[in-house]
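my_file.pdb follows (PDB, C-alpha atoms and all ligand atoms):
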ATOM      1  CA  MET A   1       5.121 -14.021  -3.887  1.00  0.00           C
ATOM      2  CA  ARG A   2       8.270 -12.328  -5.166  1.00  0.00           C
ATOM      3  CA  ILE A   3       8.604  -8.596  -4.543  1.00  0.00           C
ATOM      4  CA  ASP A   4      11.403  -6.529  -6.107  1.00  0.00           C
ATOM      5  CA  VAL A   5      12.047  -2.844  -5.465  1.00  0.00           C
ATOM      6  CA  LEU A   6      14.230  -0.594  -7.631  1.00  0.00           C
ATOM      7  CA  THR A   7      15.438   2.584  -5.902  1.00  0.00           C
ATOM      8  CA  ILE A   8      18.416   4.934  -5.558  1.00  0.00           C
ATOM      9  CA  PHE A   9      17.993   4.703  -1.765  1.00  0.00           C
ATOM     10  CA  PRO A  10      17.997   0.947  -1.009  1.00  0.00           C
ATOM     11  CA  GLU A  11      18.586   1.569   2.690  1.00  0.00           C
ATOM     12  CA  TYR A  12      15.219   3.350   2.802  1.00  0.00           C
ATOM     13  CA  LEU A  13      13.563  -0.042   2.275  1.00  0.00           C
ATOM     14  CA  ALA A  14      15.305  -1.673   5.276  1.00  0.00           C
ATOM     15  CA  PRO A  15      11.966  -1.847   7.189  1.00  0.00           C
ATOM     16  CA  LEU A  16      10.851  -4.513   4.701  1.00  0.00           C
ATOM     17  CA  GLY A  17      13.114  -6.906   6.545  1.00  0.00           C
ATOM     18  CA  GLN A  18      11.570  -6.151   9.934  1.00  0.00           C
ATOM     19  CA  ALA A  19       8.505  -7.269  11.923  1.00  0.00           C
ATOM     20  CA  LEU A  20       5.604  -8.995  10.176  1.00  0.00           C
ATOM     21  CA  LEU A  21       7.188  -8.873   6.743  1.00  0.00           C
ATOM     22  CA  GLY A  22      10.593  -9.926   8.011  1.00  0.00           C
ATOM     23  CA  LYS A  23       8.997 -12.973   9.616  1.00  0.00           C
ATOM     24  CA  ALA A  24       7.035 -13.745   6.448  1.00  0.00           C
ATOM     25  CA  ALA A  25      10.248 -13.601   4.414  1.00  0.00           C
ATOM     26  CA  ALA A  26      11.978 -15.863   6.952  1.00  0.00           C
ATOM     27  CA  LYS A  27       9.084 -18.328   6.590  1.00  0.00           C
ATOM     28  CA  GLY A  28       9.414 -18.215   2.793  1.00  0.00           C
ATOM     29  CA  LEU A  29       5.935 -16.749   2.368  1.00  0.00           C
ATOM     30  CA  VAL A  30       7.390 -13.825   0.455  1.00  0.00           C
ATOM     31  CA  GLU A  31      10.716 -13.146  -1.248  1.00  0.00           C
ATOM     32  CA  ILE A  32      11.944  -9.556  -1.246  1.00  0.00           C
ATOM     33  CA  GLY A  33      14.729  -8.083  -3.346  1.00  0.00           C
ATOM     34  CA  VAL A  34      15.852  -4.432  -3.093  1.00  0.00           C
ATOM     35  CA  HIS A  35      18.079  -3.176  -5.912  1.00  0.00           C
ATOM     36  CA  ASP A  36      20.110   0.026  -6.321  1.00  0.00           C
ATOM     37  CA  LEU A  37      19.149   1.592  -9.661  1.00  0.00           C
ATOM     38  CA  ARG A  38      22.654   3.036  -9.988  1.00  0.00           C
ATOM     39  CA  ARG A  39      23.844  -0.528 -10.723  1.00  0.00           C
ATOM     40  CA  TRP A  40      22.425   0.017 -14.196  1.00  0.00           C
ATOM     41  CA  THR A  41      23.929   3.434 -14.924  1.00  0.00           C
ATOM     42  CA  ASP A  42      26.511   3.744 -17.682  1.00  0.00           C
ATOM     43  CA  ASP A  43      28.837   6.522 -16.579  1.00  0.00           C
ATOM     44  CA  VAL A  44      31.503   7.060 -13.965  1.00  0.00           C
ATOM     45  CA  HIS A  45      29.247   9.413 -12.043  1.00  0.00           C
ATOM     46  CA  ARG A  46      26.432   6.848 -12.036  1.00  0.00           C
ATOM     47  CA  THR A  47      23.975   9.496 -13.279  1.00  0.00           C
ATOM     48  CA  VAL A  48      20.262   8.739 -12.928  1.00  0.00           C
ATOM     49  CA  ASP A  49      18.704  12.123 -13.679  1.00  0.00           C
ATOM     50  CA  ASP A  50      18.783  14.977 -16.173  1.00  0.00           C
ATOM     51  CA  SER A  51      17.040  18.293 -16.885  1.00  0.00           C
ATOM     52  CA  PRO A  52      13.423  18.161 -18.107  1.00  0.00           C
ATOM     53  CA  TYR A  53      12.700  18.686 -21.823  1.00  0.00           C
ATOM     54  CA  GLY A  54      10.530  21.753 -22.162  1.00  0.00           C
ATOM     55  CA  GLY A  55      12.178  23.372 -19.149  1.00  0.00           C
ATOM     56  CA  GLY A  56      10.719  23.667 -15.658  1.00  0.00           C
ATOM     57  CA  PRO A  57      11.994  23.025 -12.144  1.00  0.00           C
ATOM     58  CA  GLY A  58      13.786  19.958 -10.886  1.00  0.00           C
ATOM     59  CA  MET A  59      15.208  16.920 -12.648  1.00  0.00           C
ATOM     60  CA  VAL A  60      13.729  13.873 -14.361  1.00  0.00           C
ATOM     61  CA  MET A  61      15.025  10.298 -14.004  1.00  0.00           C
ATOM     62  CA  ARG A  62      16.706   9.108 -17.214  1.00  0.00           C
ATOM     63  CA  PRO A  63      15.013   6.205 -19.072  1.00  0.00           C
ATOM     64  CA  GLU A  64      18.158   4.189 -19.885  1.00  0.00           C
ATOM     65  CA  PRO A  65      19.008   2.954 -16.349  1.00  0.00           C
ATOM     66  CA  TRP A  66      15.364   2.033 -15.810  1.00  0.00           C
ATOM     67  CA  GLY A  67      15.186   0.149 -19.104  1.00  0.00           C
ATOM     68  CA  ARG A  68      18.270  -1.894 -18.257  1.00  0.00           C
ATOM     69  CA  ALA A  69      17.244  -2.502 -14.640  1.00  0.00           C
ATOM     70  CA  LEU A  70      13.728  -3.657 -15.504  1.00  0.00           C
ATOM     71  CA  ALA A  71      15.026  -5.973 -18.243  1.00  0.00           C
ATOM     72  CA  GLU A  72      17.186  -7.722 -15.634  1.00  0.00           C
ATOM     73  CA  VAL A  73      14.960  -7.632 -12.546  1.00  0.00           C
ATOM     74  CA  ARG A  74      11.400  -7.935 -13.896  1.00  0.00           C
ATOM     75  CA  ARG A  75      10.245 -11.387 -14.985  1.00  0.00           C
ATOM     76  CA  PRO A  76       8.094 -11.123 -18.137  1.00  0.00           C
ATOM     77  CA  GLY A  77       4.437 -10.652 -17.234  1.00  0.00           C
ATOM     78  CA  THR A  78       5.155  -9.362 -13.727  1.00  0.00           C
ATOM     79  CA  ARG A  79       3.193  -6.263 -12.712  1.00  0.00           C
ATOM     80  CA  LEU A  80       5.280  -3.099 -12.532  1.00  0.00           C
ATOM     81  CA  VAL A  81       4.039  -0.660  -9.896  1.00  0.00           C
ATOM     82  CA  VAL A  82       5.082   2.984 -10.162  1.00  0.00           C
ATOM     83  CA  PRO A  83       4.102   5.124  -7.159  1.00  0.00           C
ATOM     84  CA  THR A  84       3.194   8.664  -8.246  1.00  0.00           C
ATOM     85  CA  PRO A  85       0.951  11.455  -6.977  1.00  0.00           C
ATOM     86  CA  ALA A  86      -0.537  11.396 -10.498  1.00  0.00           C
ATOM     87  CA  GLY A  87      -1.596   7.753 -10.236  1.00  0.00           C
ATOM     88  CA  ARG A  88      -4.892   5.920  -9.840  1.00  0.00           C
ATOM     89  CA  PRO A  89      -5.877   5.364  -6.172  1.00  0.00           C
ATOM     90  CA  PHE A  90      -4.238   2.463  -4.353  1.00  0.00           C
ATOM     91  CA  THR A  91      -7.016   0.842  -2.307  1.00  0.00           C
ATOM     92  CA  GLN A  92      -7.620  -2.233  -0.146  1.00  0.00           C
ATOM     93  CA  ALA A  93      -9.274  -3.873  -3.163  1.00  0.00           C
ATOM     94  CA  VAL A  94      -6.175  -3.220  -5.288  1.00  0.00           C
ATOM     95  CA  ALA A  95      -3.973  -4.676  -2.536  1.00  0.00           C
ATOM     96  CA  ALA A  96      -6.129  -7.802  -2.395  1.00  0.00           C
ATOM     97  CA  GLN A  97      -5.961  -8.215  -6.175  1.00  0.00           C
ATOM     98  CA  TRP A  98      -2.179  -7.777  -6.336  1.00  0.00           C
ATOM     99  CA  ALA A  99      -1.719 -10.326  -3.532  1.00  0.00           C
ATOM    100  CA  THR A 100      -3.010 -13.024  -5.899  1.00  0.00           C
ATOM    101  CA  GLU A 101      -0.219 -12.339  -8.421  1.00  0.00           C
ATOM    102  CA  PRO A 102       3.082 -14.276  -8.513  1.00  0.00           C
ATOM    103  CA  GLY A 103       5.191 -11.158  -8.262  1.00  0.00           C
ATOM    104  CA  LEU A 104       5.413  -7.378  -8.170  1.00  0.00           C
ATOM    105  CA  VAL A 105       8.205  -4.987  -9.175  1.00  0.00           C
ATOM    106  CA  PHE A 106       8.130  -1.504  -7.629  1.00  0.00           C
ATOM    107  CA  ALA A 107       9.904   1.410  -9.333  1.00  0.00           C
ATOM    108  CA  CYS A 108      10.712   4.201  -6.876  1.00  0.00           C
ATOM    109  CA  GLY A 109      10.976   7.512  -8.663  1.00  0.00           C
ATOM    110  CA  ARG A 110      12.716  10.534  -7.205  1.00  0.00           C
ATOM    111  CA  TYR A 111      13.042  14.160  -8.323  1.00  0.00           C
ATOM    112  CA  GLU A 112      10.137  15.104 -10.630  1.00  0.00           C
ATOM    113  CA  GLY A 113       9.585  11.485 -11.573  1.00  0.00           C
ATOM    114  CA  ILE A 114      10.674   8.940 -14.175  1.00  0.00           C
ATOM    115  CA  ASP A 115      10.880   9.684 -17.933  1.00  0.00           C
ATOM    116  CA  GLN A 116       7.446   8.528 -19.124  1.00  0.00           C
ATOM    117  CA  ARG A 117       8.998   6.473 -21.929  1.00  0.00           C
ATOM    118  CA  ALA A 118      10.541   4.102 -19.369  1.00  0.00           C
ATOM    119  CA  VAL A 119       7.059   3.459 -17.933  1.00  0.00           C
ATOM    120  CA  ASP A 120       5.360   3.228 -21.330  1.00  0.00           C
ATOM    121  CA  ASP A 121       8.048   0.879 -22.684  1.00  0.00           C
ATOM    122  CA  ALA A 122       7.580  -1.377 -19.644  1.00  0.00           C
ATOM    123  CA  ALA A 123       3.951  -1.922 -20.656  1.00  0.00           C
ATOM    124  CA  ALA A 124       5.171  -4.090 -23.533  1.00  0.00           C
ATOM    125  CA  HIS A 125       6.498  -6.631 -21.008  1.00  0.00           C
ATOM    126  CA  GLY A 126       3.564  -6.906 -18.605  1.00  0.00           C
ATOM    127  CA  PRO A 127       0.947  -4.911 -16.695  1.00  0.00           C
ATOM    128  CA  VAL A 128       1.978  -1.479 -15.386  1.00  0.00           C
ATOM    129  CA  SER A 129       0.134   0.357 -12.584  1.00  0.00           C
ATOM    130  CA  GLU A 130       0.871   4.016 -11.848  1.00  0.00           C
ATOM    131  CA  VAL A 131      -0.716   4.455  -8.407  1.00  0.00           C
ATOM    132  CA  SER A 132      -1.148   7.082  -5.710  1.00  0.00           C
ATOM    133  CA  ILE A 133      -1.404   6.368  -1.974  1.00  0.00           C
ATOM    134  CA  GLY A 134      -3.069   9.722  -1.338  1.00  0.00           C
ATOM    135  CA  ASP A 135      -3.395  13.339  -2.403  1.00  0.00           C
ATOM    136  CA  TYR A 136      -0.049  14.582  -1.122  1.00  0.00           C
ATOM    137  CA  VAL A 137       3.451  14.693  -2.536  1.00  0.00           C
ATOM    138  CA  LEU A 138       6.463  12.924  -1.035  1.00  0.00           C
ATOM    139  CA  ALA A 139      10.131  13.280  -1.976  1.00  0.00           C
ATOM    140  CA  GLY A 140      10.044   9.930  -3.748  1.00  0.00           C
ATOM    141  CA  GLY A 141       8.224   6.639  -4.120  1.00  0.00           C
ATOM    142  CA  GLU A 142      10.034   4.706  -1.368  1.00  0.00           C
ATOM    143  CA  SER A 143       7.611   5.552   1.470  1.00  0.00           C
ATOM    144  CA  ALA A 144       4.684   4.683  -0.792  1.00  0.00           C
ATOM    145  CA  VAL A 145       6.291   1.305  -1.572  1.00  0.00           C
ATOM    146  CA  LEU A 146       6.618   0.530   2.147  1.00  0.00           C
ATOM    147  CA  VAL A 147       2.916   1.268   2.538  1.00  0.00           C
ATOM    148  CA  MET A 148       1.821  -0.781  -0.450  1.00  0.00           C
ATOM    149  CA  VAL A 149       4.049  -3.794   0.291  1.00  0.00           C
ATOM    150  CA  GLU A 150       2.644  -3.946   3.816  1.00  0.00           C
ATOM    151  CA  ALA A 151      -0.960  -3.644   2.590  1.00  0.00           C
ATOM    152  CA  VAL A 152      -0.469  -6.343  -0.080  1.00  0.00           C
ATOM    153  CA  SER A 153       1.469  -8.785   2.103  1.00  0.00           C
ATOM    154  CA  ARG A 154      -1.316  -8.827   4.729  1.00  0.00           C
ATOM    155  CA  PHE A 155      -3.386 -10.718   2.163  1.00  0.00           C
ATOM    156  CA  ILE A 156      -0.754 -13.427   1.619  1.00  0.00           C
ATOM    157  CA  PRO A 157      -1.918 -16.540   3.500  1.00  0.00           C
ATOM    158  CA  GLY A 158       0.129 -17.091   6.654  1.00  0.00           C
ATOM    159  CA  VAL A 159       1.550 -13.571   6.865  1.00  0.00           C
ATOM    160  CA  VAL A 160      -1.042 -12.350   9.353  1.00  0.00           C
ATOM    161  CA  GLY A 161      -1.484 -14.895  12.160  1.00  0.00           C
ATOM    162  CA  ASN A 162      -5.205 -14.367  12.537  1.00  0.00           C
ATOM    163  CA  ALA A 163      -6.717 -14.469   9.038  1.00  0.00           C
ATOM    164  CA  GLU A 164     -10.019 -13.248  10.491  1.00  0.00           C
ATOM    165  CA  SER A 165      -8.458  -9.931  11.470  1.00  0.00           C
ATOM    166  CA  VAL A 166      -7.638  -9.208   7.822  1.00  0.00           C
ATOM    167  CA  GLU A 167     -11.305  -9.759   6.965  1.00  0.00           C
ATOM    168  CA  LEU A 168     -12.341  -7.397   9.758  1.00  0.00           C
ATOM    169  CA  ASP A 169      -9.883  -4.657   8.856  1.00  0.00           C
ATOM    170  CA  SER A 170     -11.169  -1.237   7.940  1.00  0.00           C
ATOM    171  CA  HIS A 171     -12.214  -1.174   4.281  1.00  0.00           C
ATOM    172  CA  ALA A 172     -12.539  -4.962   4.205  1.00  0.00           C
ATOM    173  CA  ASP A 173     -16.325  -4.583   3.856  1.00  0.00           C
ATOM    174  CA  GLY A 174     -16.092  -1.146   2.297  1.00  0.00           C
ATOM    175  CA  LEU A 175     -16.579   0.560   5.666  1.00  0.00           C
ATOM    176  CA  LEU A 176     -14.290   1.952   8.363  1.00  0.00           C
ATOM    177  CA  GLU A 177     -13.728  -0.234  11.377  1.00  0.00           C
ATOM    178  CA  GLY A 178     -15.519   0.881  14.543  1.00  0.00           C
ATOM    179  CA  PRO A 179     -13.838   1.499  17.935  1.00  0.00           C
ATOM    180  CA  SER A 180     -12.005  -1.273  19.821  1.00  0.00           C
ATOM    181  CA  TYR A 181     -11.675  -1.802  23.573  1.00  0.00           C
ATOM    182  CA  THR A 182      -9.788  -4.062  25.986  1.00  0.00           C
ATOM    183  CA  ARG A 183      -9.279  -4.322  29.765  1.00  0.00           C
ATOM    184  CA  PRO A 184      -9.804  -2.628  32.145  1.00  0.00           C
ATOM    185  CA  ALA A 185     -13.618  -2.289  31.920  1.00  0.00           C
ATOM    186  CA  VAL A 186     -13.355   1.241  33.383  1.00  0.00           C
ATOM    187  CA  TRP A 187     -10.334   3.442  32.756  1.00  0.00           C
ATOM    188  CA  ARG A 188     -10.097   7.014  34.042  1.00  0.00           C
ATOM    189  CA  GLY A 189     -13.875   6.968  34.420  1.00  0.00           C
ATOM    190  CA  HIS A 190     -14.399   5.834  30.811  1.00  0.00           C
ATOM    191  CA  GLU A 191     -16.512   2.671  30.605  1.00  0.00           C
ATOM    192  CA  VAL A 192     -16.339   0.057  27.852  1.00  0.00           C
ATOM    193  CA  PRO A 193     -19.716   0.041  26.013  1.00  0.00           C
ATOM    194  CA  PRO A 194     -21.812  -2.433  28.093  1.00  0.00           C
ATOM    195  CA  VAL A 195     -22.955  -4.466  25.065  1.00  0.00           C
ATOM    196  CA  LEU A 196     -19.361  -5.643  24.602  1.00  0.00           C
ATOM    197  CA  LEU A 197     -19.427  -7.167  28.083  1.00  0.00           C
ATOM    198  CA  SER A 198     -22.878  -8.756  27.587  1.00  0.00           C
ATOM    199  CA  GLY A 199     -21.839 -11.999  25.941  1.00  0.00           C
ATOM    200  CA  ASP A 200     -24.740 -11.491  23.502  1.00  0.00           C
ATOM    201  CA  HIS A 201     -22.842 -12.097  20.262  1.00  0.00           C
ATOM    202  CA  ALA A 202     -25.736 -11.118  18.000  1.00  0.00           C
ATOM    203  CA  ALA A 203     -26.158  -7.824  19.844  1.00  0.00           C
ATOM    204  CA  ILE A 204     -22.391  -7.255  19.742  1.00  0.00           C
ATOM    205  CA  ALA A 205     -22.332  -7.847  15.970  1.00  0.00           C
ATOM    206  CA  ARG A 206     -25.243  -5.415  15.488  1.00  0.00           C
ATOM    207  CA  TRP A 207     -23.521  -2.794  17.671  1.00  0.00           C
ATOM    208  CA  ARG A 208     -20.216  -3.155  15.818  1.00  0.00           C
ATOM    209  CA  ARG A 209     -21.944  -2.816  12.431  1.00  0.00           C
ATOM    210  CA  ALA A 210     -23.789   0.283  13.635  1.00  0.00           C
ATOM    211  CA  GLU A 211     -20.585   1.847  14.974  1.00  0.00           C
ATOM    212  CA  SER A 212     -18.808   1.086  11.704  1.00  0.00           C
ATOM    213  CA  LEU A 213     -21.609   2.703   9.705  1.00  0.00           C
ATOM    214  CA  ARG A 214     -21.759   5.751  11.982  1.00  0.00           C
ATOM    215  CA  ARG A 215     -17.973   6.272  11.815  1.00  0.00           C
ATOM    216  CA  THR A 216     -17.972   5.852   8.035  1.00  0.00           C
ATOM    217  CA  ALA A 217     -20.875   8.306   7.600  1.00  0.00           C
ATOM    218  CA  ASP A 218     -19.050  10.805   9.801  1.00  0.00           C
ATOM    219  CA  ARG A 219     -15.483  10.473   8.440  1.00  0.00           C
ATOM    220  CA  ARG A 220     -15.793   8.990   4.949  1.00  0.00           C
ATOM    221  CA  PRO A 221     -19.325   9.486   3.593  1.00  0.00           C
ATOM    222  CA  ASP A 222     -17.892   8.876   0.125  1.00  0.00           C
ATOM    223  CA  LEU A 223     -17.430   5.200   1.025  1.00  0.00           C
ATOM    224  CA  LEU A 224     -21.133   4.713   1.797  1.00  0.00           C
ATOM    225  CA  ALA A 225     -22.034   5.053  -1.893  1.00  0.00           C
ATOM    226  CA  GLY A 226     -20.207   1.770  -2.566  1.00  0.00           C
ATOM    227  CA  VAL A 227     -21.916  -0.228   0.183  1.00  0.00           C
ATOM    228  CA  GLU A 228     -25.292  -2.041  -0.059  1.00  0.00           C
ATOM    229  CA  LEU A 229     -27.130  -0.991   3.111  1.00  0.00           C
ATOM    230  CA  THR A 230     -29.762  -3.160   4.779  1.00  0.00           C
ATOM    231  CA  ALA A 231     -32.858  -1.720   6.465  1.00  0.00           C
ATOM    232  CA  ALA A 232     -31.100  -2.298   9.796  1.00  0.00           C
ATOM    233  CA  ASP A 233     -28.095  -0.340   8.481  1.00  0.00           C
ATOM    234  CA  ARG A 234     -30.311   2.588   7.532  1.00  0.00           C
ATOM    235  CA  ALA A 235     -32.020   2.468  10.928  1.00  0.00           C
ATOM    236  CA  ALA A 236     -28.589   2.558  12.608  1.00  0.00           C
ATOM    237  CA  LEU A 237     -27.568   5.570  10.522  1.00  0.00           C
ATOM    238  CA  ASP A 238     -30.841   7.367  11.286  1.00  0.00           C
ATOM    239  CA  ALA A 239     -30.646   6.630  15.019  1.00  0.00           C
TER     240      ALA A 239
HETATM  241  N1  LIG A 301       8.453   9.654  -7.547  1.00  0.00           N
HETATM  242  C1  LIG A 301       7.570  10.118  -6.600  1.00  0.00           C
HETATM  243  C2  LIG A 301       7.675  11.411  -6.113  1.00  0.00           C
HETATM  244  C3  LIG A 301       6.758  11.872  -5.180  1.00  0.00           C
HETATM  245  C4  LIG A 301       5.739  11.028  -4.714  1.00  0.00           C
HETATM  246  N2  LIG A 301       4.748  11.315  -3.782  1.00  0.00           N
HETATM  247  C5  LIG A 301       3.902  10.323  -3.573  1.00  0.00           C
HETATM  248  S1  LIG A 301       4.298   8.932  -4.485  1.00  0.00           S
HETATM  249  C6  LIG A 301       5.648   9.734  -5.223  1.00  0.00           C
HETATM  250  C7  LIG A 301       6.563   9.264  -6.168  1.00  0.00           C
END

When written as structure tokens, how does the structure in this file appear?
Ligand SMILES: Nc1ccc2ncsc2c1
Amino acid sequence: MRIDVLTIFPEYLAPLGQALLGKAAAKGLVEIGVHDLRRWTDDVHRTVDDSPYGGGPGMVMRPEPWGRALAEVRRPGTRLVVPTPAGRPFTQAVAAQWATEPGLVFACGRYEGIDQRAVDDAAAHGPVSEVSIGDYVLAGGESAVLVMVEAVSRFIPGVVGNAESVELDSHADGLLEGPSYTRPAVWRGHEVPPVLLSGDHAAIARWRRAESLRRTADRRPDLLAGVELTAADRAALDA
């Protein structure tokens, strides 16, 4: 998969070359390009923003640099992702879907955002997704891109050593993951739940499912609506 990021703060995306993703890039599992939007400005001051039509606070990113940058960086048909607090929710399911695509281009807005015409015009050259990573506002899209690139790349075969762990991640089955434990068996008087030491794999699986359901009901009851519950699930929730 090819991932390109357009930003006025390319150094902000340096973490993409580290850790899991850095190793994946070194193994050729993913190609990452980070590009300074100012490369496509047309004035000596390398201006990327201007005052908003209709007045109001802040500045808006000019469409021309974006139009030129996307024409050069984005292969036709490649999905353009625009992080914005006004976007549709970015979810684990969206990450899994995007991981099947040949490439992604991320447009990091700053200020009050990107002139909508740059985003609308991009739709003529491939799919465009305006997405939010949560109901809060950041200073720009760069942090959101770091989050989304990590979430998507975990689905690329070979990026995560143990493929099973991706399947068992929170949200993989629509539920939150339950608690995890490792040695020692007793720590500061806190014991590991005995079932996990029993060697009874069926009982362990039942316990883990019950803990996942209980945690989801407690912290994210909204997720339960999207999950088909068995009679055993309901019994666990009623326990
Ligand atoms: N351009 C921009 C500005 C703020 C923000 N917050 C979350 S995503 C995002 C994107």

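Nearest to Arg209 (chain A) of all the residues A:Glu191, A:Glu177, A:Asp222, A:Glu11 is A:Glu177, counting all atoms listed in the file.
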
Practice task
Evaluate the PyMOL selection byres (((not hetatm)) within 7 of (chain A and resi 301)) here and jot the selected residues down as a PyMOL selection string.
Solution key: chain A and resi 83-85+108-113+132-133+136-141+144

Practice task
Name the closest residue to Asp135 (chain A) among the candidates A:Asp42, A:Phe90, A:Ala172, A:Asp115; distances are taken between atoms, counting only C-alpha atoms.
Solution key: A:Phe90

Problem - Near-Gly17 (chain A) list (12 Å; only C-alpha atoms; drop same-chain fewer than 6 positions) as a PyMOL selection string - result: chain A and resi 10-11+23-26+30-34+146+149-150

Problem - Explicit residue set for the PyMOL selection byres (((chain A and resi 182) around 12) and not hetatm), as a list in words - result: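 Applied to this file, the PyMOL selection byres (((chain A and resi 182) around 12) and not hetatm) selects Pro179, Ser180, Tyr181, Arg183, Pro184, Ala185, Val186, Trp187, His190, Glu191, Val192, Pro193, Leu196 and Leu197 of chain A.
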
Enclose region 205-221 of chain A, meaning all of its atoms listed in the file, in a box aligned along x, y and z, pad it by 4 Å on each side, and list the centre and edge lengths in Å to one decimal, as JSON.
{"center_x": -20.4, "center_y": 1.5, "center_z": 10.6, "size_x": 17.8, "size_y": 26.7, "size_z": 22.1}

Exercise for the section: Tell me, in Å to one decimal, how far CA of Asn162 (chain A) is from CA of Pro15 (chain A). Expected result: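 A separation of 21.9 Å between them.
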
Exercise for the section: Mind giving me the straight-line distance from CA of Ala202 (chain A) to CA of Ala217 (chain A) in Å, one decimal? Expected result: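 Interatomic distance here is 22.6 Å.
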
Selection as an mmCIF file with C-alpha atoms, keeping the file's coordinate frame: residues within 10 Å of (19.2, 0.8, -13.5), counting only C-alpha atoms:
data_model
loop_
_atom_site.group_PDB
_atom_site.id
_atom_site.type_symbol
_atom_site.label_atom_id
_atom_site.label_comp_id
_atom_site.auth_asym_id
_atom_site.auth_seq_id
_atom_site.Cartn_x
_atom_site.Cartn_y
_atom_site.Cartn_z
ATOM 1 C CA LEU A 6 14.230 -0.594 -7.631
ATOM 2 C CA THR A 7 15.438 2.584 -5.902
ATOM 3 C CA ILE A 8 18.416 4.934 -5.558
ATOM 4 C CA HIS A 35 18.079 -3.176 -5.912
ATOM 5 C CA ASP A 36 20.110 0.026 -6.321
ATOM 6 C CA LEU A 37 19.149 1.592 -9.661
ATOM 7 C CA ARG A 38 22.654 3.036 -9.988
ATOM 8 C CA ARG A 39 23.844 -0.528 -10.723
ATOM 9 C CA TRP A 40 22.425 0.017 -14.196
ATOM 10 C CA THR A 41 23.929 3.434 -14.924
ATOM 11 C CA ASP A 42 26.511 3.744 -17.682
ATOM 12 C CA ARG A 46 26.432 6.848 -12.036
ATOM 13 C CA THR A 47 23.975 9.496 -13.279
ATOM 14 C CA VAL A 48 20.262 8.739 -12.928
ATOM 15 C CA ARG A 62 16.706 9.108 -17.214
ATOM 16 C CA PRO A 63 15.013 6.205 -19.072
ATOM 17 C CA GLU A 64 18.158 4.189 -19.885
ATOM 18 C CA PRO A 65 19.008 2.954 -16.349
ATOM 19 C CA TRP A 66 15.364 2.033 -15.810
ATOM 20 C CA GLY A 67 15.186 0.149 -19.104
ATOM 21 C CA ARG A 68 18.270 -1.894 -18.257
ATOM 22 C CA ALA A 69 17.244 -2.502 -14.640
ATOM 23 C CA LEU A 70 13.728 -3.657 -15.504
ATOM 24 C CA ALA A 71 15.026 -5.973 -18.243
ATOM 25 C CA GLU A 72 17.186 -7.722 -15.634
ATOM 26 C CA VAL A 73 14.960 -7.632 -12.546
#

Anything within 12 Å of (-22.7, -6.9, 15.2): list those residues as a tab-separated table (two decimals) with C-alpha atoms, in the frame of the given file, counting only C-alpha atoms and sticking to the file's coordinates.
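Listed below is the output, part_16.tsv:
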chain	number	residue	atom	x	y	z
A	168	LEU	CA	-12.34	-7.40	9.76
A	177	GLU	CA	-13.73	-0.23	11.38
A	178	GLY	CA	-15.52	0.88	14.54
A	195	VAL	CA	-22.96	-4.47	25.06
A	196	LEU	CA	-19.36	-5.64	24.60
A	199	GLY	CA	-21.84	-12.00	25.94
A	200	ASP	CA	-24.74	-11.49	23.50
A	201	HIS	CA	-22.84	-12.10	20.26
A	202	ALA	CA	-25.74	-11.12	18.00
A	203	ALA	CA	-26.16	-7.82	19.84
A	204	ILE	CA	-22.39	-7.26	19.74
A	205	ALA	CA	-22.33	-7.85	15.97
A	206	ARG	CA	-25.24	-5.42	15.49
A	207	TRP	CA	-23.52	-2.79	17.67
A	208	ARG	CA	-20.22	-3.16	15.82
A	209	ARG	CA	-21.94	-2.82	12.43
A	210	ALA	CA	-23.79	0.28	13.64
A	211	GLU	CA	-20.58	1.85	14.97
A	212	SER	CA	-18.81	1.09	11.70
A	213	LEU	CA	-21.61	2.70	9.70
A	232	ALA	CA	-31.10	-2.30	9.80
A	233	ASP	CA	-28.10	-0.34	8.48
A	236	ALA	CA	-28.59	2.56	12.61

Practice task
Could you tell me which of A:Leu13, A:Ala99, A:Leu175, A:Ala86 comes closest to Val159 (chain A) if we count all atoms listed in the file?
Solution key: A:Ala99

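By all atoms listed in the file, and with residues fewer than 6 positions from Glu130 (chain A) along its chain excluded, the set lying at most 6 Å from it is Val81, Val82, Pro83 and Gly87 of chain A.
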
Practice task
Within 12 Å of Ala124 (chain A), counting only C-alpha atoms, which residues show up once you throw out same-chain ones fewer than 5 positions away? Write them as a list in words, please.
Solution key: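 Those residues are Gly67, Leu70, Ala71, Pro76, Gly77, Thr78, Arg79, Leu80, Arg117, Ala118 and Val119 of chain A.
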
Problem - Gap from CA of Ala235 (chain A) to CA of His171 (chain A) - Å, one decimal - result: 21.2 Å

Handout entry: Thr100 (chain A) surroundings by all atoms listed in the file, 10 Å radius, close-in-sequence under 4 positions cut, as a list in words
Key = Met1, Ala95, Ala96, Val152, Phe155 and Ile156 of chain A

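Nearest to Leu223 (chain A) of all the residues A:Gly55, A:Gly174, A:Gly28, A:Gly189 is A:Gly174, counting only C-alpha atoms.
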
Handout entry: Pick from A:Val160, A:Asp169, A:Leu229, A:Arg219, whichever lies nearest to Leu20 (chain A) using only C-alpha atoms
Key = A:Val160
